[in-house]
Amino acid sequence: MNALLIIDVQNDFCPGGALPVAEGDQIVPLINGLQERFDLVVATQDWHPTGHKSFASSHGKQPGEVIDLNGLEQILWPDHCVQGSEGAKFVDALRLGKIDRIFQKGTDPEIDSYSGFYDNGHRKATGLAAYLKEKKVTTVYVAGLATDYCVKYTCLDAVREGLKTVLITDACRGVNLKEGDVEAAVAELKKAGVIVLPSSEVPERPA
């Protein structure tokens with residue numbers, strides 16, 4: 001069984017949002033089309049409580065600054081994807097009808113969660129790994145936002161879970177805080193064993 005993982009295609013990560021990814025909205029039609037090629041589609045949703053410790057505003061600091069947060073290096077972000085907010089909603093253009101399950105992450109105010117599988121300290125699981133195992137998924141195709149953060153860490157954890165992992169390059173966009181971050185992320189993923197390909201090479205029913 002193969003699954004499509006749609007990572008954090010939410011208003012705050014698209015142009016006009018609190019933490020916009022350049023061209024983040026442009027991947028939505030592509031992802032909508034990709035959904036038709038899969039029997040199982042799963043999405044993740046960044047879902048932070050107000051005052052999350054990854055927010056710069058929680059520390060009186062500026063976005064982009066780096067702190068130690070409970071023993072982990074933490075980049076501070078603008079307030080984003082706050083539970084129940086407009087910014088936390090999936091973008092209107094994203095088709096939700098084929099999504100079997102949504103896994104919310106970043107819900108613990110004390111630790112950030114880039115990956116759809118675990119928080120950044122691998123202390124708590126979201127339930128995604130267990131769900132995919134229950135569904136007998138062996139291969140995941142990953143698309144969404146952002147290539148150099150949540151998509152990257154989701155792919156790395158998928159590999160650690162023993163899943164064949166495919167990054168659909170044109171169905172993702174990156175933050176690129178520093179020039180070259182996206183390219184470096186893709187190189188790291190290839191080194192970890194992730195298959196990297198464009199959507200045109202995703203088969204109609206991936207084998």
# chains A, B, ... in the order shown; residues from 1 in each chain; ligands from 1
>>> select_by_dssp(residues="segment 16-154 of chain A", states="helix (DSSP H, G or I)", output="VMD selection string")
chain A and resid 24 to 35 56 to 58 86 to 88 128 to 134 150 to 154
>>> select_by_dssp(residues="segment 39-186 of chain A", states="strand (DSSP E)", output="ChimeraX atom specification")
/A:40-46,66-69,72-75,99-105,139-145,164-173
>>> closest_atom_pairs(of="segment 20-58 of chain A", to="segment 130-148 of chain A", cutoff="12 Å", atoms="only C-alpha atoms", output="tab-separated table")
residue	atom	partner	partner_atom	distance
A:Pro20	CA	A:Ala146	CA	9.8
A:Val21	CA	A:Ala146	CA	7.2
A:Ala22	CA	A:Ala146	CA	9.8
A:Glu23	CA	A:Leu145	CA	10.2
A:Gly24	CA	A:Leu145	CA	7.0
A:Asp25	CA	A:Leu145	CA	9.7
A:Gln26	CA	A:Gly144	CA	10.5
A:Ile27	CA	A:Gly144	CA	7.4
A:Val28	CA	A:Gly144	CA	8.4
A:Pro29	CA	A:Gly144	CA	11.5
A:Leu30	CA	A:Ala143	CA	9.5
A:Ile31	CA	A:Ala143	CA	7.2
A:Asn32	CA	A:Ala143	CA	10.8
A:Gly33	CA	A:Ala143	CA	11.9
A:Leu34	CA	A:Ala143	CA	9.4
A:Gln35	CA	A:Ala143	CA	10.5
A:Arg37	CA	A:Tyr141	CA	10.9
A:Phe38	CA	A:Tyr141	CA	9.5
A:Asp39	CA	A:Val137	CA	10.7
A:Leu40	CA	A:Lys135	CA	8.8
A:Val41	CA	A:Tyr141	CA	9.6
A:Val42	CA	A:Leu132	CA	9.2
A:Ala43	CA	A:Gly144	CA	9.3
A:Thr44	CA	A:Gly144	CA	9.4
A:Gln45	CA	A:Leu145	CA	10.4
A:Asp46	CA	A:Leu145	CA	10.5
>>> closest_atom_pairs(of="segment 52-100 of chain A", to="segment 165-179 of chain A", cutoff="12 Å", atoms="only C-alpha atoms", output="tab-separated table")
residue	atom	partner	partner_atom	distance
A:Pro63	CA	A:Leu177	CA	10.7
A:Gly64	CA	A:Leu177	CA	8.1
A:Glu65	CA	A:Leu177	CA	11.3
A:Ile75	CA	A:Leu177	CA	10.5
A:Leu76	CA	A:Leu177	CA	11.8
A:Trp77	CA	A:Leu177	CA	11.1
>>> residues_around(residues="Gly193 of chain A", least_positions_apart="4", cutoff="10 Å", atoms="only C-alpha atoms", output="ChimeraX atom specification")
/A:155-156,159,164-166,188-189
>>> write_last_selection(atoms="N, CA and C atoms", output="mmCIF file, in the first residue's frame")
data_model
loop_
_atom_site.group_PDB
_atom_site.id
_atom_site.type_symbol
_atom_site.label_atom_id
_atom_site.label_comp_id
_atom_site.auth_asym_id
_atom_site.auth_seq_id
_atom_site.Cartn_x
_atom_site.Cartn_y
_atom_site.Cartn_z
ATOM 1 N N CYS A 155 10.034 13.385 6.033
ATOM 2 C CA CYS A 155 10.708 12.381 5.189
ATOM 3 C C CYS A 155 11.756 11.605 5.983
ATOM 4 N N LEU A 156 12.563 12.309 6.767
ATOM 5 C CA LEU A 156 13.606 11.638 7.542
ATOM 6 C C LEU A 156 12.995 10.651 8.532
ATOM 7 N N VAL A 159 11.705 7.485 6.746
ATOM 8 C CA VAL A 159 12.796 6.538 6.476
ATOM 9 C C VAL A 159 13.137 5.757 7.749
ATOM 10 N N LYS A 164 9.590 3.145 2.550
ATOM 11 C CA LYS A 164 10.160 3.685 1.314
ATOM 12 C C LYS A 164 9.567 5.081 1.159
ATOM 13 N N THR A 165 10.429 6.071 0.960
ATOM 14 C CA THR A 165 9.987 7.465 1.031
ATOM 15 C C THR A 165 10.349 8.204 -0.253
ATOM 16 N N VAL A 166 9.361 8.879 -0.817
ATOM 17 C CA VAL A 166 9.544 9.596 -2.082
ATOM 18 C C VAL A 166 9.160 11.060 -1.872
ATOM 19 N N GLU A 188 20.379 16.324 1.691
ATOM 20 C CA GLU A 188 20.349 15.531 2.932
ATOM 21 C C GLU A 188 19.353 14.380 2.816
ATOM 22 N N LEU A 189 18.228 14.643 2.200
ATOM 23 C CA LEU A 189 17.218 13.605 2.039
ATOM 24 C C LEU A 189 17.709 12.489 1.108
#
>>> atom_distance(atom1="atom CA of Tyr153 of chain A", atom2="atom CA of Gly116 of chain A")
7.8 Å
>>> closest_residue(among="A:Leu19, A:Gly106, A:Arg123, A:Trp47", to="Asp79 of chain A", atoms="only C-alpha atoms")
A:Leu19
>>> closest_residue(among="A:Asp112, A:Asp68, A:Asp8, A:Glu204", to="Phe90 of chain A", atoms="only C-alpha atoms")
A:Asp8
>>> decode(residues="segment 146-162 of chain A", atoms="N, CA and C atoms", output="CSV table (one decimal), in the first residue's frame")
chain,number,residue,atom,x,y,z
A,146,ALA,N,7.1,22.9,4.6
A,146,ALA,CA,8.0,23.5,3.6
A,146,ALA,C,9.1,22.5,3.4
A,147,THR,N,9.7,22.5,2.2
A,147,THR,CA,10.7,21.5,1.9
A,147,THR,C,11.8,21.4,2.9
A,148,ASP,N,12.3,22.6,3.4
A,148,ASP,CA,13.5,22.6,4.3
A,148,ASP,C,13.2,22.4,5.8
A,149,TYR,N,11.9,22.3,6.1
A,149,TYR,CA,11.5,22.1,7.5
A,149,TYR,C,10.6,20.9,7.7
A,150,CYS,N,9.3,21.2,7.6
A,150,CYS,CA,8.3,20.1,8.0
A,150,CYS,C,8.4,18.9,7.0
A,151,VAL,N,8.5,19.2,5.7
A,151,VAL,CA,8.6,18.2,4.7
A,151,VAL,C,9.9,17.4,4.9
A,152,LYS,N,11.0,18.1,5.1
A,152,LYS,CA,12.3,17.4,5.3
A,152,LYS,C,12.2,16.4,6.5
A,153,TYR,N,11.8,16.9,7.7
A,153,TYR,CA,11.8,16.1,8.9
A,153,TYR,C,10.8,15.0,8.8
A,154,THR,N,9.7,15.2,8.1
A,154,THR,CA,8.7,14.1,7.9
A,154,THR,C,9.3,13.0,7.1
A,155,CYS,N,10.0,13.4,6.0
A,155,CYS,CA,10.7,12.4,5.2
A,155,CYS,C,11.8,11.6,6.0
A,156,LEU,N,12.6,12.3,6.8
A,156,LEU,CA,13.6,11.6,7.5
A,156,LEU,C,13.0,10.7,8.5
A,157,ASP,N,11.9,11.0,9.2
A,157,ASP,CA,11.3,10.1,10.1
A,157,ASP,C,10.6,9.0,9.4
A,158,ALA,N,10.1,9.2,8.2
A,158,ALA,CA,9.5,8.1,7.4
A,158,ALA,C,10.5,7.0,7.1
A,159,VAL,N,11.7,7.5,6.7
A,159,VAL,CA,12.8,6.5,6.5
A,159,VAL,C,13.1,5.8,7.7
A,160,ARG,N,13.2,6.5,8.9
A,160,ARG,CA,13.5,5.8,10.1
A,160,ARG,C,12.5,4.8,10.5
A,161,GLU,N,11.2,5.0,10.1
A,161,GLU,CA,10.2,4.1,10.4
A,161,GLU,C,10.1,2.9,9.4
A,162,GLY,N,11.1,2.9,8.5
A,162,GLY,CA,11.2,1.7,7.6
A,162,GLY,C,10.4,1.9,6.3
